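Asks: Please find final-v7.pdb (PDB, C-alpha atoms and all ligand atoms) on the next line:
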MODEL        1
ATOM      1  CA  MET E 175      39.151-208.901  32.433
ATOM      2  CA  ILE E 176      40.912-206.230  34.446
ATOM      3  CA  GLN E 177      40.097-202.561  35.021
ATOM      4  CA  GLY E 178      42.863-200.006  35.148
ATOM      5  CA  THR E 179      44.118-196.528  34.335
ATOM      6  CA  VAL E 180      46.530-195.662  31.545
ATOM      7  CA  ILE E 181      49.510-193.960  33.180
ATOM      8  CA  LYS E 182      51.967-193.827  30.294
ATOM      9  CA  ALA E 183      51.665-193.694  26.525
ATOM     10  CA  ALA E 184      54.683-194.160  24.312
ATOM     11  CA  GLY E 185      53.794-194.647  20.686
ATOM     12  CA  ASN E 186      51.468-197.642  20.522
ATOM     13  CA  LEU E 187      52.529-199.046  23.859
ATOM     14  CA  TYR E 188      50.636-198.177  27.026
ATOM     15  CA  SER E 189      51.333-198.746  30.691
ATOM     16  CA  VAL E 190      48.174-199.534  32.576
ATOM     17  CA  ARG E 191      47.881-199.611  36.335
ATOM     18  CA  SER E 192      45.297-202.041  37.659
ATOM     19  CA  GLU E 193      43.109-201.164  40.624
ATOM     20  CA  ASN E 194      45.397-203.197  42.890
ATOM     21  CA  GLY E 195      48.493-201.407  41.679
ATOM     22  CA  ILE E 196      50.030-203.773  39.144
ATOM     23  CA  ILE E 197      51.441-202.067  36.074
ATOM     24  CA  SER E 198      51.292-203.893  32.725
ATOM     25  CA  ASP E 199      52.369-203.105  29.188
ATOM     26  CA  CYS E 200      49.367-203.058  26.914
ATOM     27  CA  HIS E 201      48.524-202.791  23.250
ATOM     28  CA  ILE E 202      45.178-201.866  21.813
ATOM     29  CA  LYS E 203      42.852-204.399  20.277
ATOM     30  CA  GLY E 204      43.006-203.850  16.518
ATOM     31  CA  ASN E 205      39.407-202.919  15.921
ATOM     32  CA  LEU E 206      38.821-200.935  19.114
ATOM     33  CA  ARG E 207      36.376-198.122  18.488
ATOM     34  CA  VAL E 208      36.391-194.930  20.498
ATOM     35  CA  LYS E 209      33.386-192.634  20.657
ATOM     36  CA  GLY E 210      33.720-188.908  20.434
ATOM     37  CA  ILE E 211      36.180-186.651  18.704
ATOM     38  CA  ARG E 212      38.431-187.655  15.874
ATOM     39  CA  SER E 213      41.897-187.990  17.276
ATOM     40  CA  THR E 214      45.304-189.181  16.246
ATOM     41  CA  ASN E 215      45.593-191.275  19.409
ATOM     42  CA  PRO E 216      42.772-193.576  20.477
ATOM     43  CA  VAL E 217      43.999-193.986  24.047
ATOM     44  CA  THR E 218      45.553-191.397  26.327
ATOM     45  CA  ILE E 219      46.870-191.133  29.860
ATOM     46  CA  GLY E 220      44.093-190.974  32.409
ATOM     47  CA  ASP E 221      41.851-193.273  30.392
ATOM     48  CA  LYS E 222      39.989-195.916  32.355
ATOM     49  CA  VAL E 223      40.278-199.128  30.399
ATOM     50  CA  THR E 224      39.308-202.789  30.478
ATOM     51  CA  TYR E 225      42.026-205.200  29.396
ATOM     52  CA  ILE E 226      43.113-208.820  29.406
ATOM     53  CA  LEU E 227      46.560-210.218  30.087
ATOM     54  CA  ASN E 228      48.238-212.885  28.015
ATOM     55  CA  ASN E 229      51.773-213.819  29.064
ATOM     56  CA  LYS E 230      51.914-210.573  31.039
ATOM     57  CA  ILE E 231      51.211-208.489  27.928
ATOM     58  CA  GLY E 232      47.886-206.719  27.974
ATOM     59  CA  THR E 233      45.317-206.007  25.317
ATOM     60  CA  ILE E 234      42.997-203.064  25.860
ATOM     61  CA  LEU E 235      39.448-204.036  24.914
ATOM     62  CA  LYS E 236      37.387-201.103  26.074
ATOM     63  CA  ILE E 237      37.746-197.450  27.087
ATOM     64  CA  GLU E 238      35.291-195.864  29.504
ATOM     65  CA  ASP E 239      33.680-192.562  28.551
ATOM     66  CA  ARG E 240      35.974-189.691  29.469
ATOM     67  CA  ARG E 241      34.918-187.243  32.166
ATOM     68  CA  ASN E 242      37.024-184.565  30.491
ATOM     69  CA  TYR E 243      40.151-184.306  28.387
ATOM     70  CA  ILE E 244      42.780-181.879  27.185
ATOM     71  CA  VAL E 245      43.333-181.744  23.459
ATOM     72  CA  ARG E 246      45.362-179.856  20.989
ATOM     73  CA  ARG E 247      45.176-179.823  17.257
ATOM     74  CA  ALA E 248      47.425-182.467  15.703
ATOM     75  CA  SER E 249      48.870-179.741  13.535
ATOM     76  CA  ASN E 250      47.981-176.164  12.760
ATOM     77  CA  LEU E 251      45.707-176.896   9.827
ATOM     78  CA  SER E 252      44.518-180.303  10.866
ATOM     79  CA  LYS E 253      40.976-181.080  11.888
ATOM     80  CA  LEU E 254      42.323-183.997  13.850
ATOM     81  CA  TYR E 255      43.090-183.699  17.525
ATOM     82  CA  HIS E 256      45.684-185.159  19.780
ATOM     83  CA  ILE E 257      44.279-186.016  23.188
ATOM     84  CA  ILE E 258      46.906-185.171  25.769
ATOM     85  CA  ALA E 259      45.245-186.563  28.886
ATOM     86  CA  SER E 260      41.806-187.452  30.211
ATOM     87  CA  ASN E 261      39.840-187.705  33.464
ATOM     88  CA  ILE E 262      41.770-184.892  35.110
ATOM     89  CA  ASP E 263      40.605-183.823  38.553
ATOM     90  CA  GLN E 264      42.156-180.382  38.655
ATOM     91  CA  ALA E 265      44.380-177.889  36.893
ATOM     92  CA  ILE E 266      46.702-176.071  39.269
ATOM     93  CA  LEU E 267      48.279-172.830  38.137
ATOM     94  CA  ILE E 268      51.270-171.646  40.120
ATOM     95  CA  ILE E 269      51.452-167.856  40.171
ATOM     96  CA  THR E 270      53.919-165.372  41.583
ATOM     97  CA  ILE E 271      53.198-161.697  42.146
ATOM     98  CA  THR E 272      56.874-160.868  41.731
ATOM     99  CA  GLN E 273      60.071-162.614  40.645
ATOM    100  CA  PRO E 274      58.670-163.268  38.129
ATOM    101  CA  GLU E 275      55.407-161.377  37.806
ATOM    102  CA  THR E 276      52.592-163.545  36.454
ATOM    103  CA  ASN E 277      50.313-161.238  34.509
ATOM    104  CA  THR E 278      46.538-161.431  34.639
ATOM    105  CA  ASP E 279      46.228-162.053  30.912
ATOM    106  CA  PHE E 280      48.217-165.256  31.355
ATOM    107  CA  ILE E 281      46.148-166.291  34.384
ATOM    108  CA  ASP E 282      42.864-165.614  32.605
ATOM    109  CA  ARG E 283      43.848-167.474  29.442
ATOM    110  CA  TYR E 284      44.747-170.429  31.594
ATOM    111  CA  LEU E 285      41.435-170.282  33.424
ATOM    112  CA  VAL E 286      39.555-170.036  30.132
ATOM    113  CA  ALA E 287      41.359-173.119  28.863
ATOM    114  CA  ALA E 288      40.573-175.016  32.066
ATOM    115  CA  GLU E 289      36.903-173.964  31.932
ATOM    116  CA  SER E 290      36.630-174.980  28.290
ATOM    117  CA  PHE E 291      38.074-178.395  29.114
ATOM    118  CA  ARG E 292      35.739-178.608  32.143
ATOM    119  CA  ILE E 293      38.594-179.054  34.573
ATOM    120  CA  PRO E 294      38.323-177.310  37.955
ATOM    121  CA  ALA E 295      41.143-174.779  38.283
ATOM    122  CA  ILE E 296      43.048-173.842  41.415
ATOM    123  CA  LEU E 297      45.381-170.869  41.817
ATOM    124  CA  VAL E 298      48.451-171.219  44.015
ATOM    125  CA  PHE E 299      50.152-167.937  44.849
ATOM    126  CA  ASN E 300      53.715-168.970  45.613
ATOM    127  CA  LYS E 301      56.640-166.877  46.965
ATOM    128  CA  ILE E 302      54.214-165.109  49.252
ATOM    129  CA  ASP E 303      57.240-164.219  51.408
ATOM    130  CA  LEU E 304      58.137-161.690  48.714
ATOM    131  CA  CYS E 305      54.717-160.027  48.814
ATOM    132  CA  LEU E 306      55.494-156.944  50.843
ATOM    133  CA  GLY E 307      54.334-153.369  50.316
ATOM    134  CA  GLU E 308      52.986-152.815  46.808
ATOM    135  CA  PHE E 309      53.269-156.533  46.111
ATOM    136  CA  GLN E 310      51.132-157.322  49.127
ATOM    137  CA  LYS E 311      48.465-155.000  47.767
ATOM    138  CA  LYS E 312      48.644-156.630  44.369
ATOM    139  CA  TYR E 313      48.269-160.034  45.954
ATOM    140  CA  ASP E 314      45.290-158.869  48.017
ATOM    141  CA  ASP E 315      43.628-157.494  44.871
ATOM    142  CA  LEU E 316      44.107-160.656  42.835
ATOM    143  CA  LEU E 317      43.063-162.864  45.708
ATOM    144  CA  ALA E 318      39.848-160.871  46.065
ATOM    145  CA  ILE E 319      39.121-161.009  42.324
ATOM    146  CA  TYR E 320      39.607-164.737  41.890
ATOM    147  CA  THR E 321      38.046-165.818  45.171
ATOM    148  CA  LYS E 322      34.944-163.796  44.364
ATOM    149  CA  ILE E 323      34.589-165.559  41.014
ATOM    150  CA  GLY E 324      34.753-168.838  42.893
ATOM    151  CA  TYR E 325      38.252-170.119  42.217
ATOM    152  CA  LEU E 326      40.039-171.832  45.066
ATOM    153  CA  CYS E 327      43.181-169.838  45.866
ATOM    154  CA  ILE E 328      45.972-170.697  48.270
ATOM    155  CA  ALA E 329      49.137-168.839  49.243
ATOM    156  CA  THR E 330      52.400-170.725  49.689
ATOM    157  CA  SER E 331      56.029-170.041  50.420
ATOM    158  CA  ILE E 332      58.848-172.497  50.122
ATOM    159  CA  LYS E 333      61.118-170.094  51.908
ATOM    160  CA  ASP E 334      58.845-169.680  54.936
ATOM    161  CA  ASN E 335      57.469-173.196  54.765
ATOM    162  CA  LEU E 336      53.972-171.766  54.482
ATOM    163  CA  ASN E 337      50.996-173.952  53.544
ATOM    164  CA  LEU E 338      53.093-176.673  51.981
ATOM    165  CA  ASP E 339      50.955-179.229  53.802
ATOM    166  CA  LEU E 340      47.901-177.552  52.320
ATOM    167  CA  PHE E 341      49.441-177.862  48.864
ATOM    168  CA  GLU E 342      50.162-181.522  49.503
ATOM    169  CA  GLY E 343      46.591-181.996  50.666
ATOM    170  CA  LEU E 344      45.293-180.502  47.413
ATOM    171  CA  LEU E 345      47.048-183.191  45.420
ATOM    172  CA  LYS E 346      45.905-186.087  47.560
ATOM    173  CA  ASN E 347      43.996-188.826  45.697
ATOM    174  CA  LYS E 348      43.738-186.630  42.631
ATOM    175  CA  ILE E 349      45.071-186.454  39.109
ATOM    176  CA  SER E 350      46.406-182.927  38.657
ATOM    177  CA  VAL E 351      48.023-180.942  35.934
ATOM    178  CA  ILE E 352      50.390-178.318  37.251
ATOM    179  CA  ASN E 353      51.477-175.340  35.200
ATOM    180  CA  GLY E 354      53.001-171.938  35.598
ATOM    181  CA  ASN E 355      55.635-169.717  34.119
ATOM    182  CA  SER E 356      59.247-170.635  34.441
ATOM    183  CA  GLY E 357      60.696-169.661  37.817
ATOM    184  CA  VAL E 358      57.476-169.501  39.834
ATOM    185  CA  GLY E 359      58.486-172.496  41.956
ATOM    186  CA  LYS E 360      56.807-175.521  40.343
ATOM    187  CA  SER E 361      59.798-177.791  40.901
ATOM    188  CA  SER E 362      60.259-176.544  44.455
ATOM    189  CA  LEU E 363      56.617-177.143  45.349
ATOM    190  CA  ILE E 364      56.517-180.613  43.861
ATOM    191  CA  LYS E 365      59.789-181.501  45.546
ATOM    192  CA  SER E 366      58.316-180.450  48.864
ATOM    193  CA  VAL E 367      55.563-183.041  48.342
ATOM    194  CA  CYS E 368      57.673-185.736  46.748
ATOM    195  CA  PRO E 369      61.428-185.323  47.190
ATOM    196  CA  GLU E 370      62.235-188.513  45.321
ATOM    197  CA  LEU E 371      60.374-187.633  42.138
ATOM    198  CA  ASN E 372      62.941-187.251  39.451
ATOM    199  CA  ILE E 373      61.436-185.193  36.676
ATOM    200  CA  LYS E 374      62.377-181.799  35.452
ATOM    201  CA  ILE E 375      59.224-179.897  36.178
ATOM    202  CA  GLY E 376      60.466-176.868  34.324
ATOM    203  CA  SER E 377      59.708-178.902  31.285
ATOM    204  CA  ILE E 378      56.007-178.497  31.941
ATOM    205  CA  SER E 379      55.989-174.981  30.629
ATOM    206  CA  GLU E 380      58.946-175.118  28.324
ATOM    207  CA  TYR E 381      59.367-178.223  26.270
ATOM    208  CA  HIS E 382      56.360-177.724  24.060
ATOM    209  CA  HIS E 383      58.388-175.287  21.995
ATOM    210  CA  LYS E 384      60.487-178.155  20.849
ATOM    211  CA  GLY E 385      57.438-180.292  20.271
ATOM    212  CA  VAL E 386      59.302-183.556  20.680
ATOM    213  CA  HIS E 387      57.608-185.370  23.485
ATOM    214  CA  THR E 388      54.159-184.151  22.931
ATOM    215  CA  THR E 389      53.108-186.180  19.896
ATOM    216  CA  SER E 390      53.552-189.709  21.120
ATOM    217  CA  TYR E 391      54.825-189.656  24.674
ATOM    218  CA  SER E 392      53.046-188.678  27.865
ATOM    219  CA  GLU E 393      53.118-189.854  31.430
ATOM    220  CA  MET E 394      51.452-189.474  34.795
ATOM    221  CA  TYR E 395      53.755-189.414  37.791
ATOM    222  CA  GLU E 396      52.760-190.951  41.072
ATOM    223  CA  ILE E 397      53.734-188.552  43.810
ATOM    224  CA  ASN E 398      51.884-190.443  46.531
ATOM    225  CA  PRO E 399      49.897-193.630  46.344
ATOM    226  CA  ASN E 400      46.860-192.601  44.326
ATOM    227  CA  SER E 401      48.048-189.021  43.689
ATOM    228  CA  TYR E 402      49.323-188.209  40.233
ATOM    229  CA  ILE E 403      50.605-185.223  38.367
ATOM    230  CA  ILE E 404      50.587-184.966  34.624
ATOM    231  CA  ASP E 405      53.536-183.467  32.879
ATOM    232  CA  THR E 406      51.996-181.616  29.988
ATOM    233  CA  PRO E 407      52.190-178.161  28.533
ATOM    234  CA  GLY E 408      48.760-178.710  27.045
ATOM    235  CA  ILE E 409      46.689-176.485  29.260
ATOM    236  CA  ARG E 410      48.788-173.385  29.191
ATOM    237  CA  GLY E 411      46.041-171.635  27.370
ATOM    238  CA  PHE E 412      48.081-170.131  24.609
ATOM    239  CA  GLY E 413      46.636-170.723  21.189
ATOM    240  CA  LEU E 414      45.037-173.834  22.559
ATOM    241  CA  ILE E 415      41.561-172.622  23.062
ATOM    242  CA  ASP E 416      39.219-174.593  20.927
ATOM    243  CA  PHE E 417      35.697-173.221  20.746
ATOM    244  CA  TYR E 418      33.714-170.696  18.795
ATOM    245  CA  LYS E 419      34.617-167.084  19.436
ATOM    246  CA  GLU E 420      31.036-166.275  20.411
ATOM    247  CA  GLU E 421      31.316-168.828  23.200
ATOM    248  CA  LEU E 422      34.298-167.180  24.851
ATOM    249  CA  TYR E 423      32.219-165.516  27.563
ATOM    250  CA  HIS E 424      30.975-168.920  28.734
ATOM    251  CA  TYR E 425      34.433-169.498  30.135
ATOM    252  CA  PHE E 426      34.484-166.344  32.272
ATOM    253  CA  PRO E 427      32.083-167.570  34.982
ATOM    254  CA  GLU E 428      31.254-164.108  36.333
ATOM    255  CA  ILE E 429      30.589-162.721  32.837
ATOM    256  CA  PHE E 430      28.521-165.742  31.916
ATOM    257  CA  LYS E 431      26.412-165.323  35.022
ATOM    258  CA  ILE E 432      25.480-161.754  34.150
ATOM    259  CA  SER E 433      25.133-162.310  30.402
ATOM    260  CA  SER E 434      21.587-163.645  30.680
ATOM    261  CA  GLU E 435      20.484-160.153  31.646
ATOM    262  CA  CYS E 436      21.895-158.524  28.495
ATOM    263  CA  LYS E 437      19.333-157.015  26.137
ATOM    264  CA  PHE E 438      20.418-159.049  23.108
ATOM    265  CA  TYR E 439      20.676-162.804  23.296
ATOM    266  CA  ASN E 440      23.712-162.732  21.009
ATOM    267  CA  CYS E 441      25.450-159.934  22.924
ATOM    268  CA  THR E 442      29.236-160.135  22.670
ATOM    269  CA  HIS E 443      29.583-157.806  25.684
ATOM    270  CA  ILE E 444      31.921-155.557  23.738
ATOM    271  CA  HIS E 445      29.769-152.736  22.343
ATOM    272  CA  GLU E 446      26.060-153.617  22.465
ATOM    273  CA  PRO E 447      23.487-151.309  24.050
ATOM    274  CA  GLY E 448      21.798-152.814  27.075
ATOM    275  CA  CYS E 449      24.835-154.942  27.892
ATOM    276  CA  MET E 450      24.718-155.727  31.585
ATOM    277  CA  VAL E 451      28.285-156.998  31.547
ATOM    278  CA  ILE E 452      29.551-153.552  30.594
ATOM    279  CA  GLU E 453      27.235-152.122  33.243
ATOM    280  CA  ALA E 454      28.739-154.494  35.829
ATOM    281  CA  LEU E 455      32.223-153.456  34.754
ATOM    282  CA  ARG E 456      31.299-149.812  35.336
ATOM    283  CA  ASN E 457      30.057-150.692  38.803
ATOM    284  CA  ASN E 458      33.180-152.666  39.651
ATOM    285  CA  ILE E 459      31.188-155.859  39.942
ATOM    286  CA  ILE E 460      33.334-157.326  37.186
ATOM    287  CA  ALA E 461      37.054-156.651  37.603
ATOM    288  CA  ALA E 462      38.631-154.455  34.940
ATOM    289  CA  SER E 463      41.563-156.845  34.518
ATOM    290  CA  ARG E 464      39.183-159.722  33.816
ATOM    291  CA  TYR E 465      37.211-157.731  31.281
ATOM    292  CA  PHE E 466      40.414-156.625  29.548
ATOM    293  CA  SER E 467      41.505-160.252  29.334
ATOM    294  CA  TYR E 468      38.142-161.089  27.802
ATOM    295  CA  MET E 469      38.549-158.364  25.183
ATOM    296  CA  ASN E 470      42.158-159.317  24.526
ATOM    297  CA  ILE E 471      41.320-162.926  23.865
ATOM    298  CA  PHE E 472      38.221-161.995  21.873
ATOM    299  CA  ASN E 473      40.223-159.719  19.595
ATOM    300  CA  ASP E 474      43.364-161.838  19.479
ATOM    301  CA  LYS E 475      44.124-162.517  15.830
ATOM    302  CA  GLY E 476      46.502-165.278  16.827
ATOM    303  CA  GLN E 477      43.834-167.082  18.772
ATOM    304  CA  LYS E 478      42.840-170.327  17.150
ATOM    305  CA  TYR E 479      39.124-170.697  17.464
ATOM    306  CA  ARG E 480      37.171-173.615  16.170
ATOM    307  CA  TYR E 481      36.330-173.390  12.490
TER     308      TYR E 481
HETATM  309  P1  LIG Z 501      60.094-173.577  38.286
HETATM  310  O1  LIG Z 501      60.854-173.051  37.103
HETATM  311  O2  LIG Z 501      58.680-173.104  38.265
HETATM  312  O3  LIG Z 501      60.192-175.054  38.466
HETATM  313  O4  LIG Z 501      60.733-172.869  39.594
HETATM  314  P2  LIG Z 501      61.792-173.436  40.659
HETATM  315  O5  LIG Z 501      61.146-174.390  41.592
HETATM  316  O6  LIG Z 501      62.998-173.887  39.927
HETATM  317  O7  LIG Z 501      62.108-172.107  41.477
HETATM  318  C1  LIG Z 501      62.726-170.984  40.910
HETATM  319  C2  LIG Z 501      63.469-170.224  41.981
HETATM  320  O8  LIG Z 501      62.560-169.660  42.916
HETATM  321  C3  LIG Z 501      64.431-171.104  42.772
HETATM  322  O9  LIG Z 501      65.612-170.355  42.986
HETATM  323  C4  LIG Z 501      63.686-171.340  44.077
HETATM  324  O10 LIG Z 501      64.557-171.548  45.161
HETATM  325  C5  LIG Z 501      62.922-170.046  44.244
HETATM  326  N1  LIG Z 501      61.683-170.208  45.027
HETATM  327  C6  LIG Z 501      60.765-171.203  44.901
HETATM  328  N2  LIG Z 501      59.757-171.022  45.771
HETATM  329  C7  LIG Z 501      60.042-169.904  46.470
HETATM  330  C8  LIG Z 501      59.345-169.183  47.526
HETATM  331  O11 LIG Z 501      58.274-169.551  47.995
HETATM  332  N3  LIG Z 501      59.944-168.029  47.959
HETATM  333  C9  LIG Z 501      61.104-167.558  47.439
HETATM  334  N4  LIG Z 501      61.601-166.420  47.944
HETATM  335  N5  LIG Z 501      61.779-168.230  46.470
HETATM  336  C10 LIG Z 501      61.265-169.370  45.984
HETATM  337 ZN    ZN Z 502      26.357-158.172  27.099
ENDMDL
END
For the structure just supplied, provide its representation as structure tokens.

Replies:
Amino acid sequence: MIQGTVIKAAGNLYSVRSENGIISDCHIKGNLRVKGIRSTNPVTIGDKVTYILNNKIGTILKIEDRRNYIVRRASNLSKLYHIIASNIDQAILIITITQPETNTDFIDRYLVAAESFRIPAILVFNKIDLCLGEFQKKYDDLLAIYTKIGYLCIATSIKDNLNLDLFEGLLKNKISVINGNSGVGKSSLIKSVCPELNIKIGSISEYHHKGVHTTSYSEMYEINPNSYIIDTPGIRGFGLIDFYKEELYHYFPEIFKISSECKFYNCTHIHEPGCMVIEALRNNIIAASRYFSYMNIFNDKGQKYRY
């Protein structure tokens, strides 16, 4: 019996990398049972599995419990889920203050999604060379907001060759998902770490509109021995949040922290008397942009909450 990690899933065929680096094609044992949520796919990339080899073809016998996973609904009305990836170490959001501007609503939705999936999130402010004058101030403000909440933030510039080694260090020995709006520099950053990697990173944020790959195909890319990135649009945080509306504040760490002091245990932090979150907002302890994101998501009719 061999232990390994699923690095590619294409239909019912999986590529599994053993601990000593040998990659084998594997099928799943017919009656394999998986604990947990009901999903359309029993095995996903990132899964730690036990398998046997027979004429170089593997059979997966067992899947370890997942540390975390990203899911989306199999279809809009379905109660079934598709598990996009599991055992992810970190979700890295690439942000630019300008060209293009990444707005705080987008950032906060992403962070909420990461929190709800229990994946540590990191913010990378790229194109810092363009942050002069008013843009510098905007960067300083956002940096202060997100650092105070506890998110790791780094500033990078491809143009000035700033902190690219730091970015590379972040990825080392980790499985990361990397996202960000089109044009923020995802491809450039990944190329700086791994020039030979031949994937179109732009696809991370764009191809989900076409919905072709996402159902049955996913892959982890090795950028360094033991460092992987996952090409998935699944954590963008748009319409992908899957929890009860009343739980939303759990995924704003600074709001959650204060919420225990609210007068009512079921406070939504929108209108209740004795709400300490609103009090903290008034005192600038909670950033206005964060609170507005909270309200926006809370009131978003298009948001698909659990039902
Ligand atoms: P992606 O769509 O997120 O993959 O973005 P790309 O990596 O394709 O980058 C979009 C554009 O921004 C390209 O023209 C890059 O050369 C440019 N770019 C990337 N990083 C930086 C940076 O740090 N500073 C500046 N000034 N331009 C950058
Ligand atoms: Zn409250």

Asks: I need the residue set behind the PyMOL selection byres (((chain E and resi 198) around 7) and not hetatm) for this file; please write it as a PDB file with C-alpha atoms, in the coordinates of the input.

Replies:
ATOM      1  CA  SER E 189      51.333-198.746  30.691  1.00  0.00           C
ATOM      2  CA  VAL E 190      48.174-199.534  32.576  1.00  0.00           C
ATOM      3  CA  ARG E 191      47.881-199.611  36.335  1.00  0.00           C
ATOM      4  CA  ILE E 196      50.030-203.773  39.144  1.00  0.00           C
ATOM      5  CA  ILE E 197      51.441-202.067  36.074  1.00  0.00           C
ATOM      6  CA  ASP E 199      52.369-203.105  29.188  1.00  0.00           C
ATOM      7  CA  CYS E 200      49.367-203.058  26.914  1.00  0.00           C
ATOM      8  CA  LYS E 230      51.914-210.573  31.039  1.00  0.00           C
ATOM      9  CA  ILE E 231      51.211-208.489  27.928  1.00  0.00           C
ATOM     10  CA  GLY E 232      47.886-206.719  27.974  1.00  0.00           C
TER      11      GLY E 232
END

Asks: If the limit is 6 Å from any atom of ligand ZN 502 (chain Z), counting all atoms listed in the file, which residues qualify? Return them as an MDAnalysis selection string.

Replies: chainID E and resid 433 436 441:443 449:451

Asks: Would you mind telling me which residue in E:Gly343, E:Gly357, E:Gly178, E:Gly324 lies nearest to ligand LIG 501 (chain Z) when using all atoms listed in the file?

Replies: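 Closest to ligand LIG 501 (chain Z), using all atoms listed in the file: E:Gly357.
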
Asks: Going by the chain IDs and residue numbers used in this file, which residues fall under the PyMOL selection byres (((not hetatm)) within 6 of (chain Z and resi 501))? Write them as a VMD selection string.

Replies: chain E and resid 300 to 301 303 to 304 331 to 333 356 to 362 375 to 376

Asks: Please compute the CA of Leu344 (chain E)-CA of Ala318 (chain E) distance, one decimal, in Å.

Replies: 20.4 Å

Asks: Fewer than 6 positions away in the same chain doesn't count, so skip those; otherwise give me all residues within 8 Å of Leu254 (chain E), counting only C-alpha atoms, as a PyMOL selection string.

Replies: chain E and resi 212-214+247-248

Asks: Between E:Ile269, E:Val351, E:Val208, E:Ile302, which residue has the minimum interatomic distance to Arg240 (chain E), considering only C-alpha atoms?

Replies: E:Val208

Asks: Quick one: of E:Ser392, E:Phe466, E:Lys431, E:Ile319, who's nearest to Gly185 (chain E), counting only C-alpha atoms?

Replies: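 Of the candidates, the smallest distance to Gly185 (chain E) is held by E:Ser392.
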
Asks: Env of Arg241 (chain E): 10 Å cut, atoms = all atoms listed in the file, seq-sep filter 2 positions within chain, self excluded. Answer as a list in words.

Replies: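 Near Arg241 (chain E), the qualifying residues are Gly220, Asp221, Glu238, Asp239, Tyr243, Ser260, Asn261, Ile262, Asp263, Phe291, Arg292 and Ile293 of chain E.
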